[in-house]
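Asks: Take this structure, written in structure tokens, and hold onto it; I'll ask about it next.
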Amino acid sequence: MKKDLPIAVFDSGLGGISVLKELRALMPEENYLYFGDSANAPYGVRSLEDVRNLTMKAISELYDRGIKAAVIACNTATSAAIIPLRERFSDIPVIGMEPALKPAVLEHPHECVLVLATALTLREEKFSHLMERYDDRAEVISLPCPELVEFVERGELEGPNVEAYLSEKLGPWREKADAAVLGCTHFPFLREAIRKALKPEAVLYDGGAGTARQTRRQLELRNLRREGDDLGFVEIENSLKTTEILYRSCWLLDQT
Ligand code: DGL
């Protein structure tokens with residue numbers, strides 16, 4: 001039955017697990033099939049065409065196996081491919097992500113808001129439109145942080161290397177930034193380290209919970225919610241076919 005099919009959750013690697021956590025918290029009875037493309041990560045330093053092709057291929061393979069919705073749990077893949085994805089897979093909801101700039105600037109009018117994301121997300125049209133809408137409400141500073149993706153892929157969420165990188169990257173904004181948007185799904189796993197690198201009252205925003213709510217809305221609109229309240233399954237797959245990456249994925253799913 002269609003309602004029992006899994007929701008596919010896709011990311012360039014392990015970052016989308018931060019979104020999978022939010023989806024499970026909101027809809028524990030749903031079934032999930034997570035696919036991370038760690039063999040090709042990071043996506044954020046690749047060309048638009050490359051990221052689009054990798055994303056289309058991954059979703060196409062998941063679609064052929066039978067899914068009822070696809071969550072693109074990656075800001076970078078969303079920027080590159082959300083339009084062709086929705087055209088090609090028009091019979092299922094395809095939910096994308098964008099940096100949570102809107103809530104940040106609405107809650108911090110005329111203050112300084114940092115947007116941490118990949119270089120691709122920050123240079124693409126989708127983000128330019130977002131900036132056009134909101135950059136008169138606050139001072140918005142875009143900061144590409146590709147190395148943070150690598151830290152998470154390695155499972156390095158704290159320690160001297162993470163701290164040194166963040167202090168170099170965020171140090172110049174430490175006193176000024178009132179809020180930071182975690183505009184890449186890998187970054188919520190580094191939330192504590194990022195928090196320490198900013199002034200204590202700075203507020204952090206990420207799009208995971210909003211994406212989970214949007215997924216629920218889309219499923220409800222199409223009458224696709226799984227029935228009953230028994231716990232759904234979670235299957236995790238990765239293009240890097242090693243036990244270590246699967247172990248790390250499960251470990252990240254357990255991180256608070
Ligand atoms: N997790 C991805 C995002 O939300 C991208 C990480 C990468 O560069 O692969 O943008």
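Simple scheme: letters A, B, ... for chains in structure tokens order, numbers from 1 for residues in each chain, numbers from 1 for ligands in the order shown.
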Within 7 Å of ligand 1, which residues show up when you count only C-alpha atoms and all ligand atoms? List them as a PyMOL selection string, please.

Replies: chain A and resi 11-13+15-16+41-45+73-77+117-118+121+146+149+183-186

Asks: Would you work out the distance separating atom CA of A:Ile141 from atom CA of A:Asp178, expressed in Å to one decimal?

Replies: 11.3 Å

Asks: I'd like to know which residues of stretch 12-187 of chain A are helix (DSSP H, G or I) (by DSSP, run on the backbone); could you write them as a short mmCIF file (atom, residue, chain, number, x, y, z; two decimals) with N, CA, C and O atoms, in the first residue's frame?

Replies:
```cif
data_model
loop_
_atom_site.label_atom_id
_atom_site.label_comp_id
_atom_site.auth_asym_id
_atom_site.auth_seq_id
_atom_site.Cartn_x
_atom_site.Cartn_y
_atom_site.Cartn_z
N ILE A 17 21.14 13.51 8.00
CA ILE A 17 20.69 12.77 9.19
C ILE A 17 20.13 13.75 10.24
O ILE A 17 19.23 13.40 11.00
N SER A 18 20.61 15.01 10.20
CA SER A 18 20.05 16.01 11.13
C SER A 18 18.58 16.28 10.77
O SER A 18 17.77 16.59 11.65
N VAL A 19 18.22 16.14 9.51
CA VAL A 19 16.82 16.33 9.08
C VAL A 19 16.02 15.06 9.36
O VAL A 19 14.86 15.11 9.81
N LEU A 20 16.65 13.91 9.12
CA LEU A 20 15.98 12.63 9.43
C LEU A 20 15.56 12.59 10.90
O LEU A 20 14.48 12.10 11.25
N LYS A 21 16.42 13.12 11.79
CA LYS A 21 16.07 13.15 13.22
C LYS A 21 14.79 13.95 13.45
O LYS A 21 13.93 13.55 14.22
N GLU A 22 14.69 15.10 12.77
CA GLU A 22 13.50 15.95 12.94
C GLU A 22 12.27 15.26 12.37
O GLU A 22 11.17 15.34 12.93
N LEU A 23 12.44 14.59 11.23
CA LEU A 23 11.31 13.89 10.60
C LEU A 23 10.81 12.78 11.53
O LEU A 23 9.61 12.62 11.74
N ARG A 24 11.74 12.04 12.10
CA ARG A 24 11.35 10.93 13.00
C ARG A 24 10.70 11.46 14.27
O ARG A 24 9.78 10.86 14.81
N ALA A 25 11.20 12.60 14.76
CA ALA A 25 10.62 13.16 15.98
C ALA A 25 9.17 13.58 15.71
O ALA A 25 8.29 13.40 16.56
N LEU A 26 8.92 14.12 14.53
CA LEU A 26 7.58 14.61 14.20
C LEU A 26 6.65 13.49 13.73
O LEU A 26 5.47 13.47 14.04
N SER A 38 28.10 9.94 0.33
CA SER A 38 29.41 10.34 0.86
C SER A 38 30.56 10.07 -0.11
O SER A 38 31.59 10.75 -0.04
N ALA A 39 30.39 9.11 -1.03
CA ALA A 39 31.47 8.83 -1.98
C ALA A 39 31.72 10.06 -2.86
O ALA A 39 32.83 10.24 -3.38
N ASN A 40 30.70 10.90 -3.03
CA ASN A 40 30.84 12.09 -3.88
C ASN A 40 30.83 13.40 -3.10
O ASN A 40 30.83 14.48 -3.70
N LEU A 48 27.50 23.30 -10.54
CA LEU A 48 26.04 23.17 -10.47
C LEU A 48 25.59 21.93 -11.25
O LEU A 48 24.77 21.14 -10.78
N GLU A 49 26.17 21.75 -12.43
CA GLU A 49 25.78 20.64 -13.30
C GLU A 49 26.07 19.28 -12.65
O GLU A 49 25.26 18.37 -12.67
N ASP A 50 27.24 19.20 -12.07
CA ASP A 50 27.67 18.00 -11.37
C ASP A 50 26.69 17.63 -10.24
O ASP A 50 26.25 16.49 -10.11
N VAL A 51 26.37 18.62 -9.42
CA VAL A 51 25.47 18.38 -8.28
C VAL A 51 24.08 18.01 -8.79
O VAL A 51 23.43 17.10 -8.26
N ARG A 52 23.65 18.67 -9.86
CA ARG A 52 22.33 18.35 -10.41
C ARG A 52 22.30 16.91 -10.90
O ARG A 52 21.39 16.16 -10.59
N ASN A 53 23.35 16.50 -11.63
CA ASN A 53 23.38 15.13 -12.16
C ASN A 53 23.43 14.10 -11.04
O ASN A 53 22.72 13.09 -11.08
N LEU A 54 24.27 14.33 -10.04
CA LEU A 54 24.38 13.37 -8.93
C LEU A 54 23.05 13.25 -8.20
O LEU A 54 22.62 12.15 -7.83
N THR A 55 22.38 14.38 -7.99
CA THR A 55 21.12 14.37 -7.25
C THR A 55 20.02 13.67 -8.06
O THR A 55 19.27 12.84 -7.52
N MET A 56 19.95 13.99 -9.36
CA MET A 56 18.92 13.36 -10.21
C MET A 56 19.12 11.84 -10.23
O MET A 56 18.16 11.08 -10.14
N LYS A 57 20.38 11.42 -10.31
CA LYS A 57 20.66 9.98 -10.38
C LYS A 57 20.24 9.29 -9.08
O LYS A 57 19.57 8.25 -9.09
N ALA A 58 20.61 9.90 -7.96
CA ALA A 58 20.28 9.29 -6.66
C ALA A 58 18.77 9.19 -6.47
O ALA A 58 18.25 8.14 -6.07
N ILE A 59 18.05 10.27 -6.76
CA ILE A 59 16.60 10.25 -6.52
C ILE A 59 15.91 9.31 -7.52
O ILE A 59 14.96 8.60 -7.17
N SER A 60 16.43 9.25 -8.71
CA SER A 60 15.86 8.35 -9.70
C SER A 60 15.97 6.88 -9.23
O SER A 60 15.01 6.12 -9.36
N GLU A 61 17.11 6.52 -8.66
CA GLU A 61 17.27 5.15 -8.17
C GLU A 61 16.34 4.86 -6.97
O GLU A 61 15.76 3.78 -6.87
N LEU A 62 16.20 5.84 -6.09
CA LEU A 62 15.32 5.66 -4.93
C LEU A 62 13.86 5.55 -5.41
O LEU A 62 13.09 4.71 -4.93
N TYR A 63 13.51 6.40 -6.36
CA TYR A 63 12.14 6.41 -6.90
C TYR A 63 11.79 5.05 -7.51
O TYR A 63 10.70 4.52 -7.28
N ASP A 64 12.73 4.47 -8.25
CA ASP A 64 12.48 3.18 -8.91
C ASP A 64 12.25 2.06 -7.89
O ASP A 64 11.64 1.05 -8.21
N ARG A 65 12.76 2.26 -6.67
CA ARG A 65 12.56 1.22 -5.64
C ARG A 65 11.21 1.35 -4.95
O ARG A 65 10.80 0.46 -4.21
N ASN A 75 20.78 21.61 1.38
CA ASN A 75 20.54 22.94 0.79
C ASN A 75 21.22 23.05 -0.58
O ASN A 75 20.69 23.68 -1.50
N THR A 76 22.38 22.42 -0.70
CA THR A 76 23.17 22.52 -1.93
C THR A 76 22.46 21.79 -3.07
O THR A 76 22.29 22.33 -4.17
N ALA A 77 22.03 20.54 -2.82
CA ALA A 77 21.34 19.76 -3.85
C ALA A 77 20.01 20.41 -4.21
O ALA A 77 19.58 20.41 -5.36
N THR A 78 19.34 21.03 -3.21
CA THR A 78 18.08 21.73 -3.49
C THR A 78 18.33 22.89 -4.45
O THR A 78 17.62 23.05 -5.44
N SER A 79 19.37 23.69 -4.16
CA SER A 79 19.67 24.84 -5.03
C SER A 79 19.91 24.38 -6.46
O SER A 79 19.49 25.03 -7.41
N ALA A 80 20.60 23.25 -6.60
CA ALA A 80 21.00 22.81 -7.94
C ALA A 80 19.90 22.07 -8.69
O ALA A 80 19.89 22.09 -9.91
N ALA A 81 19.01 21.38 -7.96
CA ALA A 81 18.17 20.41 -8.68
C ALA A 81 16.69 20.41 -8.35
O ALA A 81 15.95 19.60 -8.92
N ILE A 82 16.20 21.30 -7.49
CA ILE A 82 14.80 21.13 -7.06
C ILE A 82 13.81 21.27 -8.24
O ILE A 82 12.82 20.54 -8.30
N ILE A 83 14.11 22.16 -9.18
CA ILE A 83 13.16 22.36 -10.29
C ILE A 83 13.09 21.12 -11.19
O ILE A 83 12.01 20.54 -11.36
N PRO A 84 14.22 20.61 -11.71
CA PRO A 84 14.12 19.39 -12.52
C PRO A 84 13.62 18.18 -11.74
O PRO A 84 12.93 17.32 -12.30
N LEU A 85 13.91 18.12 -10.44
CA LEU A 85 13.40 16.99 -9.64
C LEU A 85 11.87 17.02 -9.61
O LEU A 85 11.22 16.00 -9.82
N ARG A 86 11.30 18.20 -9.35
CA ARG A 86 9.84 18.30 -9.27
C ARG A 86 9.19 18.04 -10.62
O ARG A 86 8.08 17.52 -10.69
N GLU A 87 9.90 18.39 -11.71
CA GLU A 87 9.35 18.11 -13.04
C GLU A 87 9.36 16.62 -13.32
O GLU A 87 8.37 16.04 -13.73
N ARG A 88 10.49 15.97 -13.02
CA ARG A 88 10.62 14.54 -13.37
C ARG A 88 9.78 13.64 -12.47
O ARG A 88 9.23 12.65 -12.91
N LEU A 101 16.88 31.85 6.70
CA LEU A 101 17.15 33.28 6.84
C LEU A 101 15.90 34.04 7.30
O LEU A 101 15.99 34.98 8.09
N LYS A 102 14.75 33.60 6.79
CA LYS A 102 13.50 34.32 7.11
C LYS A 102 13.27 34.43 8.63
O LYS A 102 13.17 35.54 9.16
N PRO A 103 13.20 33.28 9.37
CA PRO A 103 12.97 33.44 10.81
C PRO A 103 14.09 34.23 11.49
O PRO A 103 13.83 35.00 12.42
N ALA A 104 15.31 34.08 11.00
CA ALA A 104 16.43 34.78 11.66
C ALA A 104 16.28 36.29 11.53
O ALA A 104 16.39 37.01 12.53
N VAL A 105 16.01 36.79 10.32
CA VAL A 105 15.92 38.26 10.17
C VAL A 105 14.63 38.81 10.77
O VAL A 105 14.61 39.94 11.27
N LEU A 106 13.56 38.00 10.76
CA LEU A 106 12.32 38.50 11.36
C LEU A 106 12.46 38.63 12.87
O LEU A 106 11.90 39.54 13.48
N GLU A 107 13.24 37.74 13.46
CA GLU A 107 13.43 37.81 14.91
C GLU A 107 14.56 38.75 15.31
O GLU A 107 14.71 39.09 16.48
N ALA A 119 29.59 26.96 -0.59
CA ALA A 119 29.83 28.00 -1.61
C ALA A 119 28.74 27.92 -2.67
O ALA A 119 28.23 28.96 -3.12
N LEU A 120 28.35 26.71 -3.06
CA LEU A 120 27.33 26.58 -4.12
C LEU A 120 26.00 27.17 -3.66
O LEU A 120 25.38 27.96 -4.37
N THR A 121 25.56 26.83 -2.45
CA THR A 121 24.28 27.37 -1.96
C THR A 121 24.32 28.91 -1.99
O THR A 121 23.36 29.54 -2.44
N LEU A 122 25.43 29.48 -1.53
CA LEU A 122 25.48 30.94 -1.40
C LEU A 122 25.59 31.67 -2.74
O LEU A 122 25.21 32.82 -2.84
N ARG A 123 26.11 30.97 -3.78
CA ARG A 123 26.24 31.70 -5.05
C ARG A 123 25.07 31.45 -6.00
O ARG A 123 24.93 32.13 -7.00
N GLU A 125 21.10 31.10 -7.55
CA GLU A 125 19.95 31.99 -7.71
C GLU A 125 18.95 31.91 -6.55
O GLU A 125 18.40 32.90 -6.10
N LYS A 126 18.74 30.66 -6.05
CA LYS A 126 17.75 30.46 -5.00
C LYS A 126 18.09 31.33 -3.78
O LYS A 126 17.23 31.98 -3.20
N PHE A 127 19.37 31.34 -3.42
CA PHE A 127 19.78 32.13 -2.26
C PHE A 127 19.74 33.64 -2.58
O PHE A 127 19.38 34.44 -1.72
N SER A 128 20.09 34.01 -3.83
CA SER A 128 20.03 35.44 -4.19
C SER A 128 18.60 35.95 -4.02
O SER A 128 18.39 37.05 -3.51
N HIS A 129 17.62 35.12 -4.41
CA HIS A 129 16.22 35.56 -4.25
C HIS A 129 15.87 35.74 -2.77
O HIS A 129 15.18 36.68 -2.39
N LEU A 130 16.36 34.81 -1.96
CA LEU A 130 16.09 34.87 -0.52
C LEU A 130 16.71 36.16 0.06
O LEU A 130 16.07 36.88 0.84
N MET A 131 17.93 36.46 -0.39
CA MET A 131 18.61 37.67 0.09
C MET A 131 17.84 38.92 -0.34
O MET A 131 17.67 39.84 0.45
N GLU A 132 17.38 38.92 -1.60
CA GLU A 132 16.63 40.10 -2.09
C GLU A 132 15.42 40.37 -1.21
O GLU A 132 15.07 41.51 -0.95
N ARG A 133 14.78 39.27 -0.77
CA ARG A 133 13.58 39.43 0.04
C ARG A 133 13.87 39.98 1.44
O ARG A 133 13.09 40.69 2.02
N TYR A 134 15.02 39.58 2.01
CA TYR A 134 15.20 39.87 3.44
C TYR A 134 16.41 40.73 3.81
O TYR A 134 16.55 41.08 4.97
N PRO A 146 33.19 25.28 3.76
CA PRO A 146 33.24 23.91 3.24
C PRO A 146 33.88 22.91 4.20
O PRO A 146 33.47 21.75 4.25
N GLU A 147 34.87 23.36 4.98
CA GLU A 147 35.58 22.42 5.86
C GLU A 147 34.67 21.82 6.92
O GLU A 147 34.91 20.71 7.40
N LEU A 148 33.61 22.55 7.29
CA LEU A 148 32.71 22.02 8.33
C LEU A 148 32.03 20.73 7.86
O LEU A 148 31.73 19.85 8.64
N VAL A 149 31.80 20.65 6.55
CA VAL A 149 31.18 19.44 5.98
C VAL A 149 32.13 18.25 6.20
O VAL A 149 31.73 17.17 6.63
N GLU A 150 33.41 18.50 5.94
CA GLU A 150 34.42 17.42 6.08
C GLU A 150 34.53 16.96 7.53
O GLU A 150 34.69 15.77 7.80
N PHE A 151 34.46 17.90 8.47
CA PHE A 151 34.53 17.51 9.89
C PHE A 151 33.42 16.53 10.22
O PHE A 151 33.64 15.51 10.86
N VAL A 152 32.20 16.86 9.77
CA VAL A 152 31.05 15.99 10.09
C VAL A 152 31.19 14.64 9.38
O VAL A 152 30.93 13.59 9.96
N GLU A 153 31.63 14.67 8.12
CA GLU A 153 31.79 13.40 7.39
C GLU A 153 32.78 12.49 8.14
O GLU A 153 32.64 11.28 8.14
N ARG A 154 33.79 13.11 8.78
CA ARG A 154 34.77 12.30 9.54
C ARG A 154 34.27 11.93 10.94
O ARG A 154 34.93 11.23 11.67
N PRO A 160 40.17 20.28 19.20
CA PRO A 160 41.00 21.43 18.83
C PRO A 160 40.93 21.83 17.36
O PRO A 160 40.97 23.02 17.04
N ASN A 161 40.81 20.86 16.45
CA ASN A 161 40.78 21.24 15.02
C ASN A 161 39.50 21.99 14.68
O ASN A 161 39.53 23.00 13.97
N VAL A 162 38.38 21.48 15.22
CA VAL A 162 37.10 22.14 14.96
C VAL A 162 37.13 23.54 15.57
O VAL A 162 36.75 24.54 14.92
N GLU A 163 37.62 23.63 16.81
CA GLU A 163 37.65 24.93 17.49
C GLU A 163 38.53 25.94 16.77
O GLU A 163 38.17 27.10 16.60
N ALA A 164 39.71 25.47 16.31
CA ALA A 164 40.64 26.38 15.62
C ALA A 164 40.01 26.89 14.33
O ALA A 164 40.08 28.09 14.01
N TYR A 165 39.37 25.99 13.59
CA TYR A 165 38.76 26.40 12.32
C TYR A 165 37.65 27.43 12.58
O TYR A 165 37.58 28.48 11.93
N LEU A 166 36.79 27.12 13.55
CA LEU A 166 35.66 28.02 13.81
C LEU A 166 36.13 29.36 14.37
O LEU A 166 35.55 30.40 14.05
N SER A 167 37.20 29.32 15.16
CA SER A 167 37.64 30.58 15.73
C SER A 167 38.22 31.47 14.62
O SER A 167 38.01 32.69 14.61
N GLU A 168 38.90 30.86 13.64
CA GLU A 168 39.43 31.66 12.53
C GLU A 168 38.28 32.20 11.66
O GLU A 168 38.28 33.36 11.27
N LYS A 169 37.30 31.32 11.39
CA LYS A 169 36.22 31.69 10.48
C LYS A 169 35.22 32.68 11.11
O LYS A 169 34.79 33.64 10.49
N LEU A 170 34.86 32.40 12.38
CA LEU A 170 33.80 33.21 13.01
C LEU A 170 34.35 34.31 13.92
O LEU A 170 33.62 35.23 14.29
N GLY A 171 35.65 34.17 14.28
CA GLY A 171 36.29 35.15 15.19
C GLY A 171 35.99 36.59 14.81
O GLY A 171 35.56 37.39 15.66
N PRO A 172 36.17 36.97 13.51
CA PRO A 172 35.95 38.37 13.14
C PRO A 172 34.51 38.84 13.39
O PRO A 172 34.25 40.04 13.43
N TRP A 173 33.57 37.88 13.53
CA TRP A 173 32.16 38.26 13.70
C TRP A 173 31.67 38.03 15.12
O TRP A 173 30.51 38.29 15.43
N PHE A 187 25.73 21.16 9.45
CA PHE A 187 26.16 22.06 10.52
C PHE A 187 25.44 21.88 11.87
O PHE A 187 26.05 22.15 12.91
#
```

Asks: Which polymer residues have any atom within 6 Å of an atom of stretch 198-201 of chain A, counting only C-alpha atoms, with same-chain residues fewer than 2 positions away left out, as number ranges by chain?

Replies: A: 174, 195-196
